[in-house]
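Down below is the structure, laid out as structure tokens.
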2 protein chains.
Amino acid sequence: MNSPEALARQVMGRIDALAAISETPGILTRRYLTDEHRRANALVADWMSVAGMTSRQDAAGNVIGRYQGADDARPVLMIGSHLDTVVNAGKFDGMLGVLCAIACVQALHGAGRRMSYPIVVVGFADEEGVRFGTTYLGSRAITGRLDPATLDRTDSDGMSFRQALEEFDLDGDRICQAAYGRQDVKAFLELHIEQGPVLENLNRPAGIVTAINGQTRLSVVITGEAGHAGTVPMGLRRDALTAAAEGVLAVEAICAGMEDVVGTVGILRTAPGAINVIPGDVSFTVDVRAREDGARRDAVARVIRAIRAAAENRRVDARVTVFHEATAAPCAPAMMDAIERAIVATGIEPTRLPSGAGHDAAAMAELCDVGMIFLRSEGGISHNPAERTTLDDVTAGIKIMLAVLEELEG
Amino acid sequence: MNSPEALARQVMGRIDALAAISETPGILTRRYLTDEHRRANALVADWMSVAGMTSRQDAAGNVIGRYQGADDARPVLMIGSHLDTVVNAGKFDGMLGVLCAIACVQALHGAGRRMSYPIVVVGFADEEGVRFGTTYLGSRAITGRLDPATLDRTDSDGMSFRQALEEFDLDGDRICQAAYGRQDVKAFLELHIEQGPVLENLNRPAGIVTAINGQTRLSVVITGEAGHAGTVPMGLRRDALTAAAEGVLAVEAICAGMEDVVGTVGILRTAPGAINVIPGDVSFTVDVRAREDGARRDAVARVIRAIRAAAENRRVDARVTVFHEATAAPCAPAMMDAIERAIVATGIEPTRLPSGAGHDAAAMAELCDVGMIFLRSEGGISHNPAERTTLDDVTAGIKIMLAVLEELEG
């Protein structure tokens with residue numbers, strides 16, 4: 001009844017139950033501190049209780065289950081992922097990690113087994129950062145590194161984070177009570193879908209994450225001069241779009257020329273935006289990620305220089321603003337080794353790969369050692385309703401996680 | 001009282017009166033077959049009557065004034081421009097040409113003077129093509145070259161051109177009644193602001209248009225593959241935006257390398273349009289104009305080849321559609337010579353220049369000889385509330401137009 005296969009089937013059913021709790025009918029959207037967040041927490045807390053845990057909601061809205069250890073005074077092993085989603089999300093991102101953790105505890109509980117250390121399963125309340133435009137609010141509260149200024153951030157309706165906590169029956173001034181001390185946490189383990197194509201290309205169900213890549217986001221505003229497409233000779237133009245096009249190609253060329261660096265222009269807007277008008281204003285975003293912080297900073301500096309040079313050559317103005325920066329979070333060698341041994345024990349060829357996407361583990365790395373298991377994503381598709389991981393791979397994930405728990409006994 | 005200076009002041013007052021007739025308060029927008037079109041026509045018809053003309057509205061909604069000739073059976077000299085505007089327009093574009101024509105007739109009428117030929121002043125109903133997405137509906141009706149299929153085109157509210165005519169008390173099946181025969185028209189003369197910087201750069205108030213440039217408009221749709229900005233390695237990407245950026249720069253490089261050719265990408269849209277998502281779909285427009293049709297076709301062919309090559313190299317799909325094409329319309333040598341003599345007689349150094357923008361004269365060239373007078377635009381600004389031509393230059397324009405009427409007596 002508590003075989004990995006049976007537990008995986010139960011996880012798939014629970015994934016669908018969670019996916020049905022959405023702000024918008026027909027698609028999955030569940031943001032931080034909404035009624036849907038409250039309902040998802042209640043469902044997860046119930047599953048935690050069934051698996052033999054005591055459950056509670058913390059001061060930041062994270063849902064937390066605790067499974068006693070044989071020596072319950074030892075530092076806890078924290079396992080978890082997030083329960084919030086992007087707009088029109090896939091149903092595996094985040095949720096799968098929480099449900100696999102509960103499944104593993106359920107397997108222990110069903111076998112009357114306790115590890116020497118206590119296990120704390122966390123469903124983080126906010127990882128995606130959709131509502132307040134800043135990520136990891138749930139995990140940062142647990143690390144005690146949530147900047148109090150964050151409480152004044154507002155959502156698209158103008159409601160502040162502090163007000164939203166109040167509507168959720170929480171108190172912004174007490175959010176620090178969610179924090180754990182360094183001495184109380186042994187390590188953090190997260191299982192997550194890869195959200196990329198690497199494991200699928202290698203035909204392997206799971207992999208060991210080496211680091212969560214660092215990230216820099218730029219906003220670029222190019223100001224040239226709008227003009228009639230028919231009447232301004234090419235030599236007299238100050239076209240903001242051609243300057244931006246040079247910037248887009250520079251981001252690509254610079255990042256493609258470096259190892260383990262990716263760079264993307266995801267949004268580009270032209271104004272005034274008429275067929276017969278030379279664009280006077282163009283804005284675009286740049287997202288640069290790398291495993292090594294030095295390489296990322298170097299790439300960003302080169303991108304900014306290239307954009308400025310293109311603007312100068314074309315007599316247009318370029319304003320570049322860094323609006324988000326996160327350093328790389330390396331996974332702990334001991335955790336990577338434990339996960340690798342667990343993967344090998346499950347009969348899978350081990351693959352080490354960095355995570356290009358951010359994860360709660362990146363925030364948790366400020367508190368304790370972290371390790372991450374990636375499960376294969378079909379087609380590498382993510383942040384999309386077509387996101388999918390198979391029952392077989394989920395079964396493998398549960399086996400690996402159980403084996404990691406044994407490895408950490410050592 | 002009817003001196004060119006006094007008439008120019010009257011024209012400036014009438015420009016303001018017309019600019020006050022707008023669909024949107026605070027800005028100037030007046031599209032074809034709206035209530036505002038009807039009100040503008042009524043005002044212009046009234047000014048025509050005061051200037052000694054009989055006035056009427058034709059089957060396409062053009063407002064038409066007729067000033068008898070000494071020999072009233074001769075072919076008419078048609079003079080005019082358009083009364084419709086773009087969204088958030090300047091107030092000189094089109095209207096200035098209609099009002100200067102009325103002013104000249106008023107000068108003749110005030111002096112009890114008739115030319116040997118009749119003069120027909122036209123306020124064209126649609127030149128900009130904002131409402132039904134196709135230009136010159138007013139002037140094409142007068143040339144008898146309006147494609148009946150155009151009647152089924154719809155505006156953004158889904159109303160067809162035919163229905164809009166009906167609401168304006170006109171009948172789509174009778175729109176052909178607006179047509180003039182070739183034998184009935186001596187020539188067409190249009191005065192218009194330059195909408196570009198050439199005359200201002202030369203410090204001259206007026207110039208002689210040599211041709212209305214031909215134009216090709218392309219719609220380009222690039223389809224690559226959307227993906228997570230952090231997890232898809234640079235080498236595995238099929239980024240639609242970087243391919244589009246190559247296309248934008250190719251348009252610029254190809255057109256800048258040819259004489260009297262201009263090329264513009266005015267609209268570019270990325271989807272899905274998120275900071276952390278590789279763009280999977282990008283669409284953009286290309287507008288190419290040239291004095292010589294051969295050069296334009298050559299430029300367009302090279303642009304299409306460059307876009308297809310960029311797409312192929314990047315393993316993305318590119319669909320290119322030509323959705324508008326207009327051949328260049330040369331002005332008649334006799335009309336250019338008459339305008340040049342008139343400009344010299346007014347004490348201005350003559351400048352011949354092509355028109356990069358389209359004008360009613362381009363459509364009218366299918367019916368008769370055409371000639372165009374350009375007046376200097378401040379800063380070359382056009383299709384913008386900041387559009388401006390000075391009282392002095394309008395005075396010069398009226399003097400030149402009166403002198404052209406004399407030249408055409410010969």
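Each chain in the structure tokens gets a letter, A, B and so on, in the order shown; residues start at 1 in every chain, and ligands are counted from 1 in the order they appear.
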* Select residues of chain A: the criterion is any atom within 8 Å of an atom of chain B, counting only C-alpha atoms; output as number ranges by chain. => A: 195-197, 227-235, 241-242, 245-246, 248-249, 252, 255-256, 260, 262-271, 273-279, 285-287, 289, 355-357, 380-382
* **Residue neighbourhood A:Thr154, 10 Å, only C-alpha atoms, exclusion window fewer than 4 positions, as an NGL selection string** => :A and (131-133 or 150 or 158-164)
With a distance cut-off of 6 Å and only C-alpha atoms, select the neighbouring residues of A:Leu191, excluding the residue or stretch itself and same-chain residues fewer than 5 positions from it, and output the selection as a PDB file with N, CA, C and O atoms, in the first residue's frame.
ATOM      1  N   GLY A  97       7.339  18.524  -5.404  1.00  0.00           N
ATOM      2  CA  GLY A  97       8.343  18.378  -4.356  1.00  0.00           C
ATOM      3  C   GLY A  97       7.731  18.259  -2.967  1.00  0.00           C
ATOM      4  O   GLY A  97       8.216  17.499  -2.116  1.00  0.00           O
ATOM      5  N   MET A 372      19.563  19.237  -4.058  1.00  0.00           N
ATOM      6  CA  MET A 372      18.371  19.216  -4.910  1.00  0.00           C
ATOM      7  C   MET A 372      18.389  18.021  -5.855  1.00  0.00           C
ATOM      8  O   MET A 372      19.410  17.720  -6.479  1.00  0.00           O
ATOM      9  N   ILE A 373      17.207  17.381  -5.971  1.00  0.00           N
ATOM     10  CA  ILE A 373      17.002  16.306  -6.944  1.00  0.00           C
ATOM     11  C   ILE A 373      16.152  16.884  -8.074  1.00  0.00           C
ATOM     12  O   ILE A 373      15.102  17.475  -7.814  1.00  0.00           O
ATOM     13  N   PHE A 374      16.605  16.732  -9.319  1.00  0.00           N
ATOM     14  CA  PHE A 374      15.792  17.135 -10.472  1.00  0.00           C
ATOM     15  C   PHE A 374      15.128  15.911 -11.078  1.00  0.00           C
ATOM     16  O   PHE A 374      15.782  14.883 -11.269  1.00  0.00           O
TER      17      PHE A 374
END
* To do: Would you please extract all helix (DSSP H, G or I) residues from stretch 104-219 of chain A, as assigned by DSSP on the backbone, and give them as a ChimeraX atom specification?
  => /A:104-110,137-143,148-152,161-167,172-178,182-184,198-202
* Excluding A:Leu189 and any residue of its chain fewer than 6 positions from it, enumerate the residues within 10 Å of it, using only C-alpha atoms, and give them as a VMD selection string. => chain A and resid 77 to 81 97 101 121 331 335 339 360 to 361 364 369 to 373 401 404 to 405
Could you write out that same residue set with all heavy atoms as a compact mmCIF listing (two decimals), in the first residue's frame?
# COMPACT_ATOMS: atom_id res chain seq x y z
N LEU A 77 15.95 17.67 9.46
CA LEU A 77 16.14 17.69 8.00
C LEU A 77 14.87 18.33 7.43
O LEU A 77 13.76 17.85 7.66
CB LEU A 77 16.29 16.28 7.42
CG LEU A 77 16.35 16.27 5.88
CD1 LEU A 77 17.68 16.86 5.39
CD2 LEU A 77 16.15 14.86 5.32
N MET A 78 15.05 19.43 6.71
CA MET A 78 13.90 20.11 6.11
C MET A 78 13.79 19.62 4.66
O MET A 78 14.79 19.54 3.96
CB MET A 78 14.13 21.61 6.17
CG MET A 78 12.89 22.40 6.45
SD MET A 78 13.31 24.14 6.67
CE MET A 78 13.02 24.35 8.41
N ILE A 79 12.58 19.26 4.25
CA ILE A 79 12.34 18.84 2.87
C ILE A 79 11.14 19.63 2.35
O ILE A 79 10.14 19.77 3.08
CB ILE A 79 11.97 17.35 2.73
CG1 ILE A 79 12.79 16.48 3.69
CG2 ILE A 79 12.14 16.87 1.30
CD1 ILE A 79 12.44 14.99 3.59
N GLY A 80 11.20 20.14 1.15
CA GLY A 80 10.01 20.83 0.65
C GLY A 80 10.23 21.54 -0.66
O GLY A 80 11.28 21.43 -1.29
N SER A 81 9.18 22.22 -1.04
CA SER A 81 9.18 23.06 -2.23
C SER A 81 7.98 24.00 -2.08
O SER A 81 7.44 24.12 -0.97
CB SER A 81 9.12 22.20 -3.50
OG SER A 81 9.41 22.98 -4.64
N GLY A 97 7.34 18.52 -5.40
CA GLY A 97 8.34 18.38 -4.36
C GLY A 97 7.73 18.26 -2.97
O GLY A 97 8.22 17.50 -2.12
N ALA A 101 7.71 14.66 -0.68
CA ALA A 101 8.22 14.68 0.70
C ALA A 101 7.19 14.06 1.65
O ALA A 101 7.54 13.23 2.51
CB ALA A 101 8.56 16.11 1.10
N VAL A 121 8.60 18.87 6.84
CA VAL A 121 8.19 19.07 5.45
C VAL A 121 7.57 20.46 5.33
O VAL A 121 6.70 20.83 6.12
CB VAL A 121 7.19 17.99 5.00
CG1 VAL A 121 6.69 18.28 3.57
CG2 VAL A 121 7.82 16.61 5.07
N CYS A 331 25.12 23.91 -4.27
CA CYS A 331 24.63 22.86 -3.40
C CYS A 331 25.81 22.30 -2.59
O CYS A 331 26.96 22.37 -3.04
CB CYS A 331 23.97 21.76 -4.23
SG CYS A 331 22.42 22.35 -4.98
N MET A 335 25.67 16.86 0.39
CA MET A 335 24.30 16.60 -0.08
C MET A 335 24.33 16.04 -1.50
O MET A 335 23.59 15.11 -1.83
CB MET A 335 23.47 17.88 -0.03
CG MET A 335 23.17 18.37 1.38
SD MET A 335 22.13 17.22 2.34
CE MET A 335 20.51 17.53 1.63
N ILE A 339 22.88 12.40 -2.60
CA ILE A 339 21.88 12.24 -3.66
C ILE A 339 22.43 11.33 -4.77
O ILE A 339 21.73 10.47 -5.28
CB ILE A 339 21.45 13.62 -4.23
CG1 ILE A 339 20.72 14.44 -3.16
CG2 ILE A 339 20.55 13.44 -5.46
CD1 ILE A 339 20.52 15.90 -3.50
N ASP A 360 13.54 27.52 -4.15
CA ASP A 360 13.61 27.80 -2.71
C ASP A 360 14.96 27.41 -2.14
O ASP A 360 15.46 28.07 -1.21
CB ASP A 360 12.49 27.05 -1.99
CG ASP A 360 11.11 27.61 -2.31
OD1 ASP A 360 10.90 28.81 -2.04
OD2 ASP A 360 10.27 26.88 -2.84
N ALA A 361 15.59 26.35 -2.69
CA ALA A 361 16.89 25.91 -2.19
C ALA A 361 17.91 27.05 -2.25
O ALA A 361 18.84 27.10 -1.41
CB ALA A 361 17.39 24.70 -2.99
N MET A 364 17.28 28.98 0.83
CA MET A 364 17.60 28.15 2.00
C MET A 364 19.11 27.99 2.19
O MET A 364 19.57 27.72 3.31
CB MET A 364 16.92 26.79 1.87
CG MET A 364 15.40 26.84 1.95
SD MET A 364 14.78 27.49 3.53
CE MET A 364 15.18 26.09 4.60
N ASP A 369 23.07 23.75 4.66
CA ASP A 369 23.44 22.98 3.47
C ASP A 369 22.18 22.64 2.69
O ASP A 369 21.15 22.31 3.28
CB ASP A 369 24.09 21.65 3.89
CG ASP A 369 25.57 21.83 4.24
OD1 ASP A 369 26.05 22.99 4.18
OD2 ASP A 369 26.22 20.82 4.56
N VAL A 370 22.27 22.72 1.35
CA VAL A 370 21.11 22.34 0.55
C VAL A 370 21.52 21.31 -0.49
O VAL A 370 22.67 21.26 -0.93
CB VAL A 370 20.45 23.55 -0.16
CG1 VAL A 370 20.01 24.60 0.84
CG2 VAL A 370 21.37 24.15 -1.21
N GLY A 371 20.54 20.48 -0.86
CA GLY A 371 20.70 19.53 -1.96
C GLY A 371 19.42 19.49 -2.77
O GLY A 371 18.34 19.74 -2.22
N MET A 372 19.56 19.24 -4.06
CA MET A 372 18.37 19.22 -4.91
C MET A 372 18.39 18.02 -5.86
O MET A 372 19.41 17.72 -6.48
CB MET A 372 18.28 20.48 -5.78
CG MET A 372 17.60 21.65 -5.13
SD MET A 372 17.17 22.93 -6.39
CE MET A 372 15.55 22.35 -6.91
N ILE A 373 17.21 17.38 -5.97
CA ILE A 373 17.00 16.31 -6.94
C ILE A 373 16.15 16.88 -8.07
O ILE A 373 15.10 17.47 -7.81
CB ILE A 373 16.21 15.14 -6.30
CG1 ILE A 373 16.95 14.63 -5.06
CG2 ILE A 373 15.93 14.04 -7.33
CD1 ILE A 373 16.04 13.79 -4.14
N MET A 401 14.42 9.85 -2.97
CA MET A 401 14.30 10.65 -1.75
C MET A 401 14.39 9.77 -0.51
O MET A 401 15.06 10.12 0.48
CB MET A 401 12.99 11.44 -1.79
CG MET A 401 12.94 12.56 -0.76
SD MET A 401 11.40 13.49 -0.84
CE MET A 401 11.92 14.92 -1.75
N VAL A 404 17.90 8.91 0.03
CA VAL A 404 18.68 10.04 0.57
C VAL A 404 18.49 10.10 2.09
O VAL A 404 19.44 10.34 2.85
CB VAL A 404 18.28 11.37 -0.09
CG1 VAL A 404 18.93 12.55 0.62
CG2 VAL A 404 18.64 11.39 -1.57
N LEU A 405 17.24 9.88 2.55
CA LEU A 405 16.99 9.90 4.01
C LEU A 405 17.90 8.89 4.72
O LEU A 405 18.46 9.19 5.78
CB LEU A 405 15.52 9.59 4.31
CG LEU A 405 14.47 10.56 3.74
CD1 LEU A 405 13.07 10.20 4.24
CD2 LEU A 405 14.81 12.01 4.10
* Asked: If you measure from atom CA of B:Lys399 to atom CA of B:Val50, what distance in Å do you get, rounded to one decimal?
  -> 20.0 Å
* To do: Work out how far apart atom CA of B:Glu23 and atom CA of B:Glu36 are and give it in Å to one decimal.
  => 6.5 Å
* In stretch 130-274 of chain B, what's strand (DSSP E or B) per DSSP? Answer as a count of residues only? -> 40
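Atom pair atom CA of A:Arg308 / atom CA of A:Ile222: separated by 9.8 Å.
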Spatial neighbours of A:Val98, max dist 7 Å, only C-alpha atoms, sep filter under 2 positions, as a PDB file with N, CA, C and O atoms, in the first residue's frame:
ATOM      1  N   GLY A  80      11.201  20.140   1.147  1.00  0.00           N
ATOM      2  CA  GLY A  80      10.008  20.831   0.653  1.00  0.00           C
ATOM      3  C   GLY A  80      10.225  21.536  -0.655  1.00  0.00           C
ATOM      4  O   GLY A  80      11.284  21.429  -1.290  1.00  0.00           O
ATOM      5  N   SER A  81       9.181  22.224  -1.039  1.00  0.00           N
ATOM      6  CA  SER A  81       9.184  23.061  -2.228  1.00  0.00           C
ATOM      7  C   SER A  81       7.980  23.999  -2.076  1.00  0.00           C
ATOM      8  O   SER A  81       7.439  24.120  -0.972  1.00  0.00           O
ATOM      9  N   HIS A  82       7.520  24.639  -3.170  1.00  0.00           N
ATOM     10  CA  HIS A  82       6.502  25.682  -3.001  1.00  0.00           C
ATOM     11  C   HIS A  82       5.127  25.266  -3.510  1.00  0.00           C
ATOM     12  O   HIS A  82       5.005  24.405  -4.389  1.00  0.00           O
ATOM     13  N   GLY A  94       6.875  22.892  -8.201  1.00  0.00           N
ATOM     14  CA  GLY A  94       6.719  23.176  -6.775  1.00  0.00           C
ATOM     15  C   GLY A  94       5.948  22.079  -6.066  1.00  0.00           C
ATOM     16  O   GLY A  94       6.499  21.339  -5.232  1.00  0.00           O
ATOM     17  N   MET A  95       4.683  21.936  -6.434  1.00  0.00           N
ATOM     18  CA  MET A  95       3.799  20.985  -5.741  1.00  0.00           C
ATOM     19  C   MET A  95       4.366  19.571  -5.674  1.00  0.00           C
ATOM     20  O   MET A  95       4.254  18.892  -4.663  1.00  0.00           O
ATOM     21  N   LEU A  96       4.986  19.132  -6.779  1.00  0.00           N
ATOM     22  CA  LEU A  96       5.513  17.761  -6.823  1.00  0.00           C
ATOM     23  C   LEU A  96       6.515  17.524  -5.692  1.00  0.00           C
ATOM     24  O   LEU A  96       6.513  16.453  -5.056  1.00  0.00           O
ATOM     25  N   CYS A 100       5.939  14.675  -2.811  1.00  0.00           N
ATOM     26  CA  CYS A 100       6.889  13.561  -2.705  1.00  0.00           C
ATOM     27  C   CYS A 100       7.459  13.492  -1.285  1.00  0.00           C
ATOM     28  O   CYS A 100       7.671  12.402  -0.737  1.00  0.00           O
ATOM     29  N   ALA A 101       7.706  14.658  -0.678  1.00  0.00           N
ATOM     30  CA  ALA A 101       8.223  14.675   0.697  1.00  0.00           C
ATOM     31  C   ALA A 101       7.193  14.060   1.646  1.00  0.00           C
ATOM     32  O   ALA A 101       7.539  13.230   2.511  1.00  0.00           O
ATOM     33  N   ILE A 102       5.913  14.456   1.481  1.00  0.00           N
ATOM     34  CA  ILE A 102       4.859  13.885   2.331  1.00  0.00           C
ATOM     35  C   ILE A 102       4.770  12.370   2.094  1.00  0.00           C
ATOM     36  O   ILE A 102       4.624  11.580   3.043  1.00  0.00           O
ATOM     37  N   VAL A 122       8.042  21.243   4.344  1.00  0.00           N
ATOM     38  CA  VAL A 122       7.529  22.613   4.176  1.00  0.00           C
ATOM     39  C   VAL A 122       6.884  22.780   2.804  1.00  0.00           C
ATOM     40  O   VAL A 122       7.462  22.394   1.783  1.00  0.00           O
ATOM     41  N   GLY A 123       5.679  23.350   2.799  1.00  0.00           N
ATOM     42  CA  GLY A 123       5.078  23.841   1.554  1.00  0.00           C
ATOM     43  C   GLY A 123       5.252  25.348   1.570  1.00  0.00           C
ATOM     44  O   GLY A 123       4.523  26.068   2.267  1.00  0.00           O
TER      45      GLY A 123
END
* Fewer than 5 positions away in the same chain doesn't count, so skip those; otherwise give me all residues within 8 Å of B:Leu199, counting only C-alpha atoms, as a PyMOL selection string. => chain B and resi 194+204-207+351+375-377
* **Spatial neighbours of stretch 56-73 of chain A, max dist 7 Å, only C-alpha atoms, sep filter under 3 positions, as an NGL selection string** => :A and (41 or 45 or 48 or 52-53 or 114-125 or 138 or 141 or 170 or 174-175 or 177-178)
